[in-house]
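A.B. asks: My file is coords36.txt. It has compact mmCIF, C-alpha atoms and all ligand atoms:
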# COMPACT_ATOMS: atom_id res chain seq x y z
CA MET R 138 -0.78 3.85 6.21
CA ILE R 139 -0.04 1.90 9.38
CA ASP R 140 0.09 4.15 12.43
CA LYS R 141 3.56 3.96 14.00
CA SER R 142 1.99 4.02 17.45
CA ILE R 143 0.16 0.76 16.69
CA ILE R 144 3.43 -0.89 15.66
CA GLU R 145 5.08 0.37 18.81
CA ALA R 146 2.25 -0.77 21.07
CA GLN R 147 2.20 -4.19 19.43
CA ASN R 148 5.99 -4.46 19.74
CA ASP R 149 5.92 -3.36 23.37
CA ALA R 150 3.66 -6.30 24.18
CA ARG R 151 6.18 -8.71 22.63
CA ARG R 152 9.50 -7.05 23.41
CA ALA R 153 10.37 -8.85 26.66
CA ASP R 154 9.57 -12.30 25.29
CA LEU R 155 11.59 -11.58 22.19
CA GLN R 156 14.60 -10.43 24.19
CA ALA R 157 14.51 -13.62 26.27
CA ASP R 158 14.20 -15.82 23.16
CA TYR R 159 16.91 -13.87 21.37
CA ASP R 160 19.31 -14.14 24.30
CA ALA R 161 18.69 -17.87 24.63
CA LEU R 162 19.27 -18.46 20.91
CA GLY R 163 22.33 -16.21 21.05
CA ALA R 164 23.81 -18.35 23.81
CA ARG R 165 23.08 -21.55 21.87
CA LEU R 166 24.63 -20.21 18.68
CA SER R 167 27.61 -18.86 20.55
CA ARG R 168 28.43 -22.38 21.71
CA ARG R 169 28.60 -23.29 18.01
CA GLY R 170 30.86 -20.32 17.31
CA VAL R 171 28.10 -18.35 15.57
CA ASP R 172 27.59 -14.66 16.32
CA ILE R 173 23.87 -13.90 16.50
CA GLY R 174 24.54 -10.19 15.97
CA ALA R 175 26.17 -10.86 12.61
CA LEU R 176 23.28 -13.08 11.56
CA THR R 177 20.80 -10.43 12.60
CA ALA R 178 22.69 -7.85 10.53
CA ARG R 179 22.53 -10.19 7.53
CA ALA R 180 18.79 -10.58 8.01
CA MET R 181 18.41 -6.79 8.16
CA ASN R 182 20.26 -6.41 4.86
CA PHE R 183 18.14 -8.99 3.08
CA GLY R 184 15.38 -7.83 0.79
CA VAL R 185 12.94 -9.41 -1.61
CA ALA R 186 10.75 -7.56 -4.11
CA ILE R 187 6.97 -7.65 -4.04
CA PRO R 188 5.13 -8.28 -7.32
CA SER R 189 2.60 -5.51 -7.86
CA TRP R 190 0.15 -8.09 -9.24
CA GLY R 191 0.36 -10.14 -6.06
CA THR R 192 -1.48 -7.52 -4.01
CA GLY R 193 -4.79 -8.37 -5.66
CA THR R 194 -6.66 -11.63 -5.20
CA GLY R 195 -5.71 -14.07 -7.92
CA GLY R 196 -7.80 -16.74 -9.47
CA THR R 197 -7.72 -20.12 -11.09
CA ARG R 198 -8.79 -21.29 -14.54
CA PHE R 199 -12.26 -21.60 -13.04
CA ALA R 200 -13.02 -18.46 -11.10
CA ARG R 201 -11.79 -15.49 -9.18
CA PHE R 202 -13.32 -14.54 -5.84
CA PRO R 203 -12.19 -11.01 -5.03
CA GLY R 204 -11.63 -9.91 -1.46
CA GLY R 205 -12.46 -6.61 0.21
CA GLY R 206 -10.32 -3.56 -0.41
CA GLU R 207 -8.79 -4.88 -3.62
CA PRO R 208 -6.34 -2.40 -5.14
CA ALA R 209 -8.04 -0.55 -8.00
CA GLY R 210 -4.81 0.37 -9.74
CA ILE R 211 -1.08 0.69 -9.35
CA MET R 212 -1.34 3.54 -6.83
CA ASP R 213 -3.36 1.32 -4.49
CA LYS R 214 -0.99 -1.57 -5.16
CA LEU R 215 1.98 0.58 -4.16
CA ASP R 216 0.14 1.53 -0.97
CA ASP R 217 -0.29 -2.17 -0.19
CA CYS R 218 3.37 -2.86 -0.94
CA GLY R 219 4.26 0.03 1.35
CA VAL R 220 2.24 -1.58 4.16
CA ILE R 221 4.10 -4.85 3.66
CA HIS R 222 7.47 -3.11 3.87
CA VAL R 223 6.54 -0.96 6.87
CA LEU R 224 5.58 -4.11 8.79
CA THR R 225 8.35 -6.46 7.63
CA ALA R 226 11.28 -4.19 6.61
CA ALA R 227 12.09 -7.00 4.17
CA THR R 228 10.49 -5.82 0.93
CA PRO R 229 12.17 -2.59 -0.19
CA ARG R 230 11.27 -2.89 -3.88
CA VAL R 231 8.32 -3.57 -6.16
CA SER R 232 8.34 -5.42 -9.46
CA LEU R 233 5.93 -3.84 -11.95
CA HIS R 234 3.92 -5.47 -14.69
CA ILE R 235 3.28 -3.55 -17.90
CA PRO R 236 0.66 -2.69 -19.14
CA TRP R 237 -1.23 -3.51 -15.93
CA ASP R 238 0.74 -0.86 -14.03
CA LYS R 239 1.16 1.62 -16.85
CA VAL R 240 0.73 5.22 -15.71
CA ASP R 241 2.84 8.37 -15.96
CA PRO R 242 6.29 7.35 -14.59
CA ALA R 243 6.45 10.63 -12.66
CA LEU R 244 3.40 9.50 -10.68
CA LEU R 245 5.02 6.12 -10.03
CA LEU R 246 8.15 7.78 -8.70
CA GLU R 247 6.18 10.18 -6.54
CA LYS R 248 4.11 7.38 -5.03
CA ALA R 249 7.13 5.12 -4.52
CA GLU R 250 8.88 7.85 -2.60
CA GLU R 251 5.79 8.47 -0.49
CA VAL R 252 5.61 4.80 0.54
CA GLY R 253 9.38 4.33 0.81
CA LEU R 254 9.91 1.84 -2.02
CA GLY R 255 12.12 1.39 -5.08
CA PHE R 256 11.57 -0.64 -8.25
CA ASP R 257 13.00 -4.01 -9.16
CA ALA R 258 12.77 -5.74 -12.56
CA MET R 259 10.05 -4.74 -15.01
CA ASN R 260 7.78 -7.47 -16.39
CA SER R 261 6.41 -7.41 -19.91
CA ASN R 262 3.11 -9.00 -20.85
CA THR R 263 2.61 -10.63 -24.21
CA PHE R 264 0.59 -13.54 -22.88
CA GLN R 265 -2.74 -11.77 -23.20
CA ASP R 266 -4.30 -9.28 -25.59
CA GLN R 267 -4.87 -5.69 -24.54
CA SER R 268 -7.85 -3.77 -25.85
CA GLY R 269 -7.13 -2.07 -29.13
CA GLN R 270 -3.92 -3.89 -29.98
CA ALA R 271 -3.45 -4.60 -33.68
CA HIS R 272 -2.29 -8.22 -33.53
CA SER R 273 -3.47 -11.03 -31.24
CA TYR R 274 -1.16 -13.18 -29.13
CA LYS R 275 -3.55 -16.13 -29.29
CA HIS R 276 -0.97 -18.11 -31.25
CA GLY R 277 2.16 -16.60 -29.78
CA SER R 278 4.03 -13.34 -29.36
CA LEU R 279 7.84 -13.13 -29.65
CA SER R 280 7.85 -16.47 -31.48
CA HIS R 281 4.71 -15.92 -33.59
CA THR R 282 4.80 -17.04 -37.21
CA ASP R 283 3.70 -13.55 -38.27
CA ALA R 284 6.46 -10.92 -38.34
CA ALA R 285 4.12 -8.02 -37.55
CA THR R 286 2.91 -9.78 -34.39
CA ARG R 287 6.49 -10.44 -33.33
CA ARG R 288 7.32 -6.79 -34.00
CA GLN R 289 4.42 -5.66 -31.81
CA ALA R 290 5.67 -7.87 -28.96
CA ILE R 291 9.22 -6.55 -29.37
CA GLU R 292 7.98 -2.96 -29.29
CA HIS R 293 6.06 -3.70 -26.09
CA ASN R 294 9.21 -5.01 -24.40
CA LEU R 295 11.16 -1.95 -25.53
CA GLU R 296 8.43 0.23 -24.05
CA CYS R 297 8.79 -1.64 -20.73
CA ILE R 298 12.49 -0.74 -20.77
CA ASP R 299 11.61 2.92 -21.40
CA ILE R 300 9.19 3.01 -18.49
CA GLY R 301 11.66 1.15 -16.29
CA GLN R 302 14.42 3.60 -17.10
CA ALA R 303 12.21 6.47 -16.02
CA ILE R 304 11.64 4.92 -12.58
CA GLY R 305 15.09 3.54 -11.80
CA SER R 306 14.58 -0.12 -12.66
CA LYS R 307 17.61 -1.96 -14.02
CA ALA R 308 16.18 -5.14 -15.48
CA LEU R 309 13.48 -6.58 -17.69
CA THR R 310 12.00 -10.02 -17.08
CA VAL R 311 10.61 -11.72 -20.17
CA TRP R 312 8.25 -14.60 -19.74
CA ILE R 313 6.12 -15.64 -22.69
CA GLY R 314 3.19 -18.03 -22.90
CA ASP R 315 4.22 -19.10 -26.40
CA GLY R 316 4.34 -22.78 -27.18
CA SER R 317 1.95 -25.35 -28.60
CA ASN R 318 -0.87 -27.56 -27.43
CA PHE R 319 -0.47 -30.39 -29.94
CA PRO R 320 2.39 -32.33 -31.45
CA GLY R 321 2.99 -31.03 -34.96
CA GLN R 322 1.28 -27.70 -34.28
CA THR R 323 4.56 -25.83 -34.50
CA SER R 324 8.15 -26.43 -35.45
CA LEU R 325 9.92 -26.79 -32.11
CA SER R 326 13.12 -25.66 -33.77
CA ARG R 327 11.96 -22.73 -35.92
CA GLN R 328 9.70 -21.37 -33.18
CA PHE R 329 12.75 -21.10 -30.93
CA ASP R 330 14.70 -19.41 -33.74
CA ARG R 331 11.98 -16.79 -34.06
CA TYR R 332 11.99 -16.26 -30.30
CA LEU R 333 15.77 -15.80 -30.23
CA ASP R 334 15.61 -13.35 -33.12
CA SER R 335 12.98 -11.28 -31.27
CA MET R 336 14.96 -11.39 -28.02
CA LYS R 337 18.05 -10.16 -29.86
CA GLN R 338 16.11 -7.12 -31.00
CA ILE R 339 15.00 -6.42 -27.42
CA TYR R 340 18.55 -6.99 -26.17
CA ALA R 341 19.79 -4.39 -28.69
CA GLY R 342 17.56 -1.82 -26.96
CA LEU R 343 18.86 -2.62 -23.48
CA PRO R 344 20.76 0.20 -21.72
CA ASP R 345 24.35 -0.61 -20.75
CA ASP R 346 23.59 -0.93 -17.04
CA TRP R 347 20.51 -3.10 -17.56
CA ARG R 348 19.98 -6.83 -17.59
CA ILE R 349 17.37 -8.93 -19.33
CA PHE R 350 16.09 -12.05 -17.57
CA SER R 351 14.71 -15.02 -19.45
CA GLU R 352 12.21 -16.97 -17.36
CA HIS R 353 11.56 -20.59 -18.24
CA LYS R 354 8.36 -22.51 -17.56
CA ILE R 355 7.69 -26.17 -18.24
CA TYR R 356 4.06 -25.83 -19.35
CA GLU R 357 0.98 -23.61 -19.13
CA PRO R 358 -0.73 -21.90 -20.82
CA ALA R 359 0.69 -24.06 -23.62
CA PHE R 360 0.22 -27.70 -22.68
CA TYR R 361 2.39 -29.66 -25.10
CA SER R 362 5.49 -27.53 -25.61
CA THR R 363 6.71 -24.20 -24.31
CA VAL R 364 9.32 -22.17 -26.18
CA VAL R 365 11.42 -21.54 -23.07
CA GLN R 366 10.53 -24.78 -21.37
CA ASP R 367 13.48 -25.44 -19.11
CA TRP R 368 16.67 -24.00 -17.70
CA GLY R 369 18.68 -25.44 -20.58
CA THR R 370 16.72 -23.40 -23.09
CA SER R 371 16.90 -20.38 -20.82
CA LEU R 372 20.67 -20.77 -20.51
CA MET R 373 21.04 -21.15 -24.30
CA THR R 374 19.04 -17.95 -24.71
CA ALA R 375 21.12 -16.02 -22.20
CA GLN R 376 24.38 -17.27 -23.68
CA GLU R 377 23.36 -16.45 -27.22
CA LEU R 378 22.13 -12.95 -26.31
CA GLY R 379 25.22 -11.80 -24.44
CA PRO R 380 26.57 -10.67 -21.06
CA LYS R 381 23.55 -8.58 -20.11
CA ALA R 382 21.24 -11.59 -20.42
CA GLN R 383 20.67 -13.92 -17.49
CA CYS R 384 18.21 -16.57 -16.34
CA LEU R 385 15.41 -16.13 -13.87
CA VAL R 386 14.31 -19.15 -11.87
CA ASP R 387 10.67 -19.32 -10.84
CA LEU R 388 10.47 -22.13 -8.30
CA GLY R 389 7.05 -23.25 -9.56
CA HIS R 390 8.08 -23.62 -13.19
CA HIS R 391 9.55 -27.11 -12.97
CA ALA R 392 8.34 -30.67 -13.07
CA PRO R 393 7.67 -32.16 -9.61
CA ASN R 394 10.81 -33.33 -7.79
CA VAL R 395 13.24 -31.47 -10.06
CA ASN R 396 16.41 -30.60 -8.17
CA ILE R 397 16.09 -26.81 -8.34
CA GLU R 398 19.08 -26.14 -6.09
CA MET R 399 21.28 -27.93 -8.60
CA ILE R 400 19.94 -25.74 -11.40
CA VAL R 401 20.82 -22.76 -9.23
CA ALA R 402 24.38 -24.01 -8.74
CA ARG R 403 24.81 -24.64 -12.47
CA LEU R 404 23.51 -21.21 -13.48
CA ILE R 405 25.81 -19.50 -10.99
CA ARG R 406 28.71 -21.53 -12.39
CA ALA R 407 27.81 -20.25 -15.85
CA GLY R 408 27.57 -16.66 -14.62
CA LYS R 409 23.98 -16.67 -15.77
CA LEU R 410 21.80 -16.63 -12.66
CA GLY R 411 19.92 -13.31 -12.58
CA GLY R 412 17.29 -13.85 -9.97
CA PHE R 413 14.25 -15.64 -8.64
CA HIS R 414 10.53 -15.68 -8.54
CA PHE R 415 9.82 -17.24 -5.17
CA ASN R 416 6.64 -19.18 -4.43
CA ASP R 417 5.78 -22.73 -3.46
CA SER R 418 3.87 -25.57 -5.00
CA LYS R 419 2.58 -29.06 -4.43
CA TYR R 420 1.80 -30.13 -8.00
CA GLY R 421 2.45 -27.53 -10.67
CA ASP R 422 2.78 -23.77 -10.88
CA ASP R 423 0.55 -23.42 -7.85
CA ASP R 424 1.96 -20.00 -6.86
CA LEU R 425 1.41 -20.73 -3.16
CA ASP R 426 3.12 -18.76 -0.39
CA ALA R 427 6.88 -19.31 -0.21
CA GLY R 428 7.98 -21.92 2.29
CA THR R 429 4.51 -23.25 3.03
CA ILE R 430 4.78 -26.58 1.20
CA GLU R 431 8.47 -27.41 0.87
CA PRO R 432 10.48 -25.25 3.27
CA PHE R 433 13.46 -27.62 3.05
CA ARG R 434 13.68 -27.08 -0.72
CA LEU R 435 13.67 -23.32 -0.18
CA PHE R 436 16.44 -23.75 2.37
CA LEU R 437 18.49 -25.86 -0.05
CA VAL R 438 18.19 -23.17 -2.73
CA PHE R 439 19.50 -20.62 -0.25
CA ASN R 440 22.18 -23.02 0.84
CA GLU R 441 23.60 -22.84 -2.69
CA LEU R 442 23.23 -19.07 -2.79
CA VAL R 443 25.07 -18.61 0.50
CA GLU R 444 27.76 -21.15 -0.37
CA LEU R 445 28.43 -19.32 -3.64
CA GLU R 446 27.71 -15.77 -2.47
CA ASP R 447 31.30 -14.61 -3.04
CA THR R 448 31.14 -15.54 -6.72
CA PRO R 449 32.35 -12.48 -8.66
CA ASP R 450 29.57 -10.42 -10.28
CA LEU R 451 26.80 -12.43 -8.62
CA ASP R 452 23.96 -9.92 -8.40
CA LEU R 453 20.57 -11.48 -7.76
CA SER R 454 17.11 -10.01 -8.08
CA HIS R 455 15.03 -11.69 -5.41
CA MET R 456 11.34 -11.39 -6.24
CA ILE R 457 8.15 -13.07 -5.13
CA ASP R 458 5.67 -14.34 -7.73
CA GLN R 459 2.53 -15.67 -6.11
CA SER R 460 -1.21 -15.78 -6.56
CA HIS R 461 -3.41 -15.54 -3.49
CA ASN R 462 -6.84 -17.06 -3.83
CA VAL R 463 -8.01 -17.76 -0.28
CA THR R 464 -5.92 -15.42 1.88
CA ASP R 465 -5.48 -11.69 2.31
CA PRO R 466 -2.72 -10.99 -0.25
CA ILE R 467 -0.92 -8.57 2.09
CA GLU R 468 -0.76 -11.22 4.80
CA SER R 469 0.44 -13.89 2.37
CA LEU R 470 3.14 -11.61 0.98
CA MET R 471 4.34 -10.70 4.47
CA ILE R 472 4.50 -14.37 5.44
CA SER R 473 6.38 -15.21 2.25
CA ALA R 474 8.91 -12.42 2.68
CA CYS R 475 9.58 -13.65 6.22
CA GLU R 476 9.90 -17.28 5.09
CA ILE R 477 12.35 -16.38 2.32
CA GLN R 478 14.35 -14.36 4.83
CA ARG R 479 14.20 -17.32 7.21
CA ALA R 480 15.67 -19.68 4.60
CA PHE R 481 18.45 -17.17 3.97
CA VAL R 482 19.30 -16.90 7.68
CA GLN R 483 19.14 -20.68 8.19
CA ALA R 484 21.47 -21.17 5.22
CA SER R 485 23.75 -18.52 6.67
CA LEU R 486 24.32 -20.52 9.83
CA VAL R 487 25.48 -23.67 8.07
CA ASP R 488 28.94 -24.53 9.39
CA ARG R 489 30.69 -24.26 6.00
CA ALA R 490 34.12 -25.32 7.24
CA ALA R 491 32.75 -28.45 8.90
CA LEU R 492 30.60 -29.23 5.87
CA GLU R 493 33.59 -28.97 3.57
CA GLU R 494 35.61 -31.27 5.78
CA PHE R 495 32.81 -33.88 5.81
CA ARG R 496 32.63 -33.65 2.03
CA GLN R 497 36.35 -34.04 1.72
CA ASP R 498 36.22 -37.13 3.94
CA ASN R 499 33.22 -38.51 2.04
CA ASP R 500 31.24 -38.51 5.27
CA ALA R 501 27.81 -38.31 3.65
CA LEU R 502 25.95 -38.80 6.90
CA MET R 503 27.61 -35.93 8.73
CA ALA R 504 27.49 -33.64 5.70
CA ALA R 505 23.73 -34.13 5.47
CA ALA R 506 23.41 -33.76 9.25
CA THR R 507 25.27 -30.45 9.07
CA LEU R 508 22.69 -29.04 6.68
CA ARG R 509 19.78 -30.44 8.66
CA GLY R 510 21.19 -28.96 11.85
CA ALA R 511 21.05 -25.49 10.32
CA PHE R 512 17.60 -26.09 8.84
CA ARG R 513 16.19 -27.27 12.15
CA THR R 514 17.46 -24.25 14.06
CA ASP R 515 14.55 -21.99 14.93
CA VAL R 516 15.83 -18.59 13.78
CA GLU R 517 12.52 -16.82 14.44
CA PRO R 518 14.05 -14.62 17.21
CA ILE R 519 16.63 -13.35 14.69
CA LEU R 520 13.94 -12.43 12.16
CA ARG R 521 11.87 -10.74 14.85
CA MET R 522 14.85 -8.81 16.20
CA ALA R 523 15.80 -7.71 12.67
CA ARG R 524 12.32 -6.28 12.23
CA LEU R 525 12.27 -4.62 15.65
CA ARG R 526 15.63 -2.94 15.05
CA GLN R 527 14.32 -1.49 11.79
CA GLY R 528 11.14 -0.14 13.34
CA ALA R 529 8.98 -2.83 11.76
CA ALA R 530 6.64 -5.24 13.52
CA ILE R 531 7.85 -8.13 15.66
CA ASP R 532 4.70 -9.94 14.51
CA PRO R 533 3.69 -8.46 11.13
CA VAL R 534 0.38 -10.31 10.67
CA ALA R 535 -0.89 -9.64 14.20
CA THR R 536 0.07 -5.98 13.90
CA TYR R 537 -1.53 -5.69 10.48
CA ARG R 538 -4.76 -7.13 11.83
CA ALA R 539 -4.66 -4.87 14.88
CA ALA R 540 -4.18 -1.86 12.60
CA GLY R 541 -7.38 -2.66 10.70
CA TRP R 542 -5.87 -1.89 7.30
CA ARG R 543 -8.04 -4.28 5.31
CA ALA R 544 -11.27 -2.97 6.82
CA ARG R 545 -10.26 0.61 6.02
CA ALA R 546 -9.26 -0.32 2.47
CA THR R 547 -12.57 -2.14 2.01
CA SER R 548 -14.58 0.95 2.84
CA ALA R 549 -12.29 3.32 0.94
CA ARG R 550 -11.88 1.35 -2.29
CA PRO R 551 -14.59 0.33 -4.75
CA ALA R 552 -15.57 -3.34 -4.68
CA ALA R 553 -13.82 -5.39 -7.35
CA ALA R 554 -15.90 -7.40 -9.74
CA ALA R 555 -15.95 -11.16 -9.39
CA GLY R 556 -15.73 -13.05 -12.58
CA GLY R 557 -14.51 -15.83 -14.72
CA GLY R 558 -11.18 -17.50 -14.61
CA GLY R 559 -7.85 -15.93 -15.16
CA ILE R 560 -4.63 -16.96 -13.58
CA VAL R 561 -2.73 -13.97 -12.32
MN MN M 601 7.29 -16.03 -12.48
Spit out the file's structure as structure tokens when you get a sec.
Ligand SMILES: [Mn+2]
C.D. replies:
Amino acid sequence: MIDKSIIEAQNDARRADLQADYDALGARLSRRGVDIGALTARAMNFGVAIPSWGTGTGGTRFARFPGGGEPAGIMDKLDDCGVIHVLTAATPRVSLHIPWDKVDPALLLEKAEEVGLGFDAMNSNTFQDQSGQAHSYKHGSLSHTDAATRRQAIEHNLECIDIGQAIGSKALTVWIGDGSNFPGQTSLSRQFDRYLDSMKQIYAGLPDDWRIFSEHKIYEPAFYSTVVQDWGTSLMTAQELGPKAQCLVDLGHHAPNVNIEMIVARLIRAGKLGGFHFNDSKYGDDDLDAGTIEPFRLFLVFNELVELEDTPDLDLSHMIDQSHNVTDPIESLMISACEIQRAFVQASLVDRAALEEFRQDNDALMAAATLRGAFRTDVEPILRMARLRQGAAIDPVATYRAAGWRARATSARPAAAAGGGGIV
């Protein structure tokens, strides 16, 4: 995939600078009582899953402009995910989307082993129709007024569990596009009842060591109401289903300015936070690269996660969910993985004891300054050293470009068709 000798040559050119930067940061942190080695070890243990669908070029409601070397199917997508992990050492798992990635599970396992990856949560898809399916999801899926349509959507989710079991996944993420576009179009109450009833039937088919994640989204594709619109509805769903049900927070699925880190804290308190879909946004569900618009918000989310990391049974699925329209998806996903890891490391160097004392003394100014001090610390040398120590690239994007992967993929893979809209 990526020749090891290219990674080594690229790292050799950067090794001395990195060591100097790392030593300087280590000395600075040491004066604050922070051990850079421990932080580096934490960075090395941190992983975030790549969404298989993120390796292709996305689109908007208006158009999709494919790039060169687009993955033609799940085998190509797994190759791309393998490249990302080889270069970053931060993305050990892939999150699959069924039916887009539906092939013989034995082939998935074989390919995953070849590229050194495991599988995170499965994703079902009842927000679009597949060719040949008996009932349309135009007016809903798990919450549809028609029982046969609901049944079809339930069966699809159960099939996702079956496929996931065969490849070692342990969770199913359910996000539905169901909702309404006009006031009066649907009963807000009975539509939710139908959704809960369907989810209970999926929950009944969940293996003992599996979890089901309910993912809320404020709007889109439904523009007036969405069945699982907010974290309150998601929490109600998880609580009504049972202990194996938890909530998944997609950072882009909130109204502007919503305090997402507080939602995170509340869900952890309820024992119901299951994981994340990381991305970034300026206006809506923009699915931009993590940390590129509001890095401080990403840091504050991780600040809650680190503060509460010793909560019993806290087991989070960290996943990316992005759409790349104007960049090479592999480069965007590498950047995002590194930015998410950066927020985690920055949050890890918050002086928790000092922060708690400032809180206790109601010293708002110093409490805020404590967080900002961690956020403003440039932890790049730690991230780079974590990659170097795992045989990955000190500079993943530069190494990827030097390796010429995209040019090779462009000549080896058939050109993807351009076309109409379609948010991925
Ligand atoms: Mn998502």
A.B. asks: Rounded to one decimal, what separation in Å do you get between atom CA of R:Leu176 and atom CA of R:Ala523?
C.D. replies: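 Pair atom CA of R:Leu176 / atom CA of R:Ala523 returns 9.3 Å.
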A.B. asks: Between R:Leu502, R:Leu453, R:Val364, R:Val386, which residue has the minimum interatomic distance to R:Phe183, considering all atoms listed in the file?
C.D. replies: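 Closest candidate: R:Leu453.
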A.B. asks: Compare R:Ile144, R:Leu224, R:Leu343, R:Ile187 by their minimum atom-to-atom distance to ligand MN 601 (chain M), counting only C-alpha atoms and all ligand atoms, and give me the closest one.
C.D. replies: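 Counting only C-alpha atoms and all ligand atoms, the residue closest to ligand MN 601 (chain M) is R:Ile187.
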A.B. asks: What are the nearest atom pairs, with distances in Å to one decimal, for all residues of chain R that come at most 8 Å from ligand MN 601 (chain M), using only C-alpha atoms and all ligand atoms, set out by chain and rising residue number as JSON lines?
C.D. replies:
{"residue": "R:Trp312", "atom": "CA", "partner": "M:MN601", "partner_atom": "MN", "distance": 7.5}
{"residue": "R:Glu352", "atom": "CA", "partner": "M:MN601", "partner_atom": "MN", "distance": 7.0}
{"residue": "R:Val386", "atom": "CA", "partner": "M:MN601", "partner_atom": "MN", "distance": 7.7}
{"residue": "R:Asp387", "atom": "CA", "partner": "M:MN601", "partner_atom": "MN", "distance": 5.0}
{"residue": "R:Gly389", "atom": "CA", "partner": "M:MN601", "partner_atom": "MN", "distance": 7.8}
{"residue": "R:His390", "atom": "CA", "partner": "M:MN601", "partner_atom": "MN", "distance": 7.7}
{"residue": "R:Phe413", "atom": "CA", "partner": "M:MN601", "partner_atom": "MN", "distance": 8.0}
{"residue": "R:His414", "atom": "CA", "partner": "M:MN601", "partner_atom": "MN", "distance": 5.1}
{"residue": "R:Phe415", "atom": "CA", "partner": "M:MN601", "partner_atom": "MN", "distance": 7.8}
{"residue": "R:Ile457", "atom": "CA", "partner": "M:MN601", "partner_atom": "MN", "distance": 8.0}
{"residue": "R:Asp458", "atom": "CA", "partner": "M:MN601", "partner_atom": "MN", "distance": 5.3}
{"residue": "R:Gln459", "atom": "CA", "partner": "M:MN601", "partner_atom": "MN", "distance": 8.0}
A.B. asks: Looking at only C-alpha atoms, which of R:Lys354, R:Arg179, R:Lys141, R:Arg287 is the one that sits closest to R:Gly369?
C.D. replies: R:Lys354
A.B. asks: Compute the distance from (-5.7, -7.7, -7.3) to each atom, counting all atoms listed in the file, keep the residues with any atom at most 10 Å away, and return them as a PyMOL selection string; use the coordinates of the file.
C.D. replies: chain R and resi 189-196+203-204+206-211+213-214+460-461+466+553+561
A.B. asks: Would you mind listing what lies within 9 Å of R:Thr228 as a list of chain:residue names, with only C-alpha atoms counted and same-chain residues fewer than 3 positions away left out?
C.D. replies: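 Here the answer would be R:Phe183, R:Gly184, R:Val185, R:Ala186, R:Ile187, R:Cys218, R:Gly219, R:Ile221, R:His222, R:Val223, R:Thr225, R:Val231, R:Leu254, R:Met471, R:Ala474.
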A.B. asks: Would you mind exporting C-alpha atoms of the selected residues as a PDB file, in the frame of the given file?
C.D. replies:
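Now in part.pdb:
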ATOM      1  CA  PHE R 183      18.140  -8.990   3.080  1.00  0.00           C
ATOM      2  CA  GLY R 184      15.380  -7.830   0.790  1.00  0.00           C
ATOM      3  CA  VAL R 185      12.940  -9.410  -1.610  1.00  0.00           C
ATOM      4  CA  ALA R 186      10.750  -7.560  -4.110  1.00  0.00           C
ATOM      5  CA  ILE R 187       6.970  -7.650  -4.040  1.00  0.00           C
ATOM      6  CA  CYS R 218       3.370  -2.860  -0.940  1.00  0.00           C
ATOM      7  CA  GLY R 219       4.260   0.030   1.350  1.00  0.00           C
ATOM      8  CA  ILE R 221       4.100  -4.850   3.660  1.00  0.00           C
ATOM      9  CA  HIS R 222       7.470  -3.110   3.870  1.00  0.00           C
ATOM     10  CA  VAL R 223       6.540  -0.960   6.870  1.00  0.00           C
ATOM     11  CA  THR R 225       8.350  -6.460   7.630  1.00  0.00           C
ATOM     12  CA  VAL R 231       8.320  -3.570  -6.160  1.00  0.00           C
ATOM     13  CA  LEU R 254       9.910   1.840  -2.020  1.00  0.00           C
ATOM     14  CA  MET R 471       4.340 -10.700   4.470  1.00  0.00           C
ATOM     15  CA  ALA R 474       8.910 -12.420   2.680  1.00  0.00           C
TER      16      ALA R 474
END
A.B. asks: In Å, with one decimal, what is the gap from atom CA of R:Tyr340 to atom CA of R:His391?
C.D. replies: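 Taking atom CA of R:Tyr340 and atom CA of R:His391, their separation equals 25.7 Å.
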A.B. asks: Could you list, with a cut-off of 12 Å and counting all atoms listed in the file, the residues of stretch 341-434 of chain R near stretch 444-452 of chain R, each shown with its nearest atom pair and the distance in Å rounded to one decimal, rows sorted by chain and ascending number, as CSV?
C.D. replies:
residue,atom,partner,partner_atom,distance
R:Trp347,CA,R:Asp452,CA,11.9
R:Arg348,CA,R:Asp452,CA,10.5
R:Pro380,CA,R:Asp450,CA,11.2
R:Lys381,CA,R:Asp450,CA,11.7
R:Gln383,CA,R:Asp452,CA,10.5
R:Cys384,CA,R:Asp452,CA,11.8
R:Leu385,CA,R:Asp452,CA,11.9
R:Glu398,CA,R:Glu444,CA,11.5
R:Val401,CA,R:Leu445,CA,10.0
R:Ala402,CA,R:Leu445,CA,8.0
R:Arg403,CA,R:Leu445,CA,10.9
R:Leu404,CA,R:Leu451,CA,10.6
R:Ile405,CA,R:Leu451,CA,7.5
R:Arg406,CA,R:Thr448,CA,8.6
R:Ala407,CA,R:Leu451,CA,10.7
R:Gly408,CA,R:Leu451,CA,7.4
R:Lys409,CA,R:Leu451,CA,8.8
R:Leu410,CA,R:Leu451,CA,7.7
R:Gly411,CA,R:Asp452,CA,6.7
R:Gly412,CA,R:Asp452,CA,7.9
R:Phe413,CA,R:Asp452,CA,11.3
A.B. asks: Suppose you want the space between atom CA of R:Phe256 and atom CA of R:Arg524; what is it in Å?
C.D. replies: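 That distance, rounded to one decimal, is 21.3 Å.
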A.B. asks: At a cut-off of 12 Å, using only C-alpha atoms, what residues contact R:Ala180? Leave out same-chain residues fewer than 2 positions from it and give the result as a PyMOL selection string.
C.D. replies: chain R and resi 173-178+182-185+225-228+474-486+516-527
A.B. asks: Nearest residue to R:Asp266 out of R:Leu166, R:Ile298, R:Ala290, R:Ala491, using all atoms listed in the file?
C.D. replies: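 Selected residue with least distance to R:Asp266: R:Ala290.
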A.B. asks: Counting all atoms listed in the file, figure out which residue out of R:Asn440, R:Thr310, R:Gln289, R:Thr374 gets nearest to R:Ile397.
C.D. replies: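 Of R:Asn440, R:Thr310, R:Gln289, R:Thr374, the one nearest R:Ile397 is R:Asn440, counting all atoms listed in the file.
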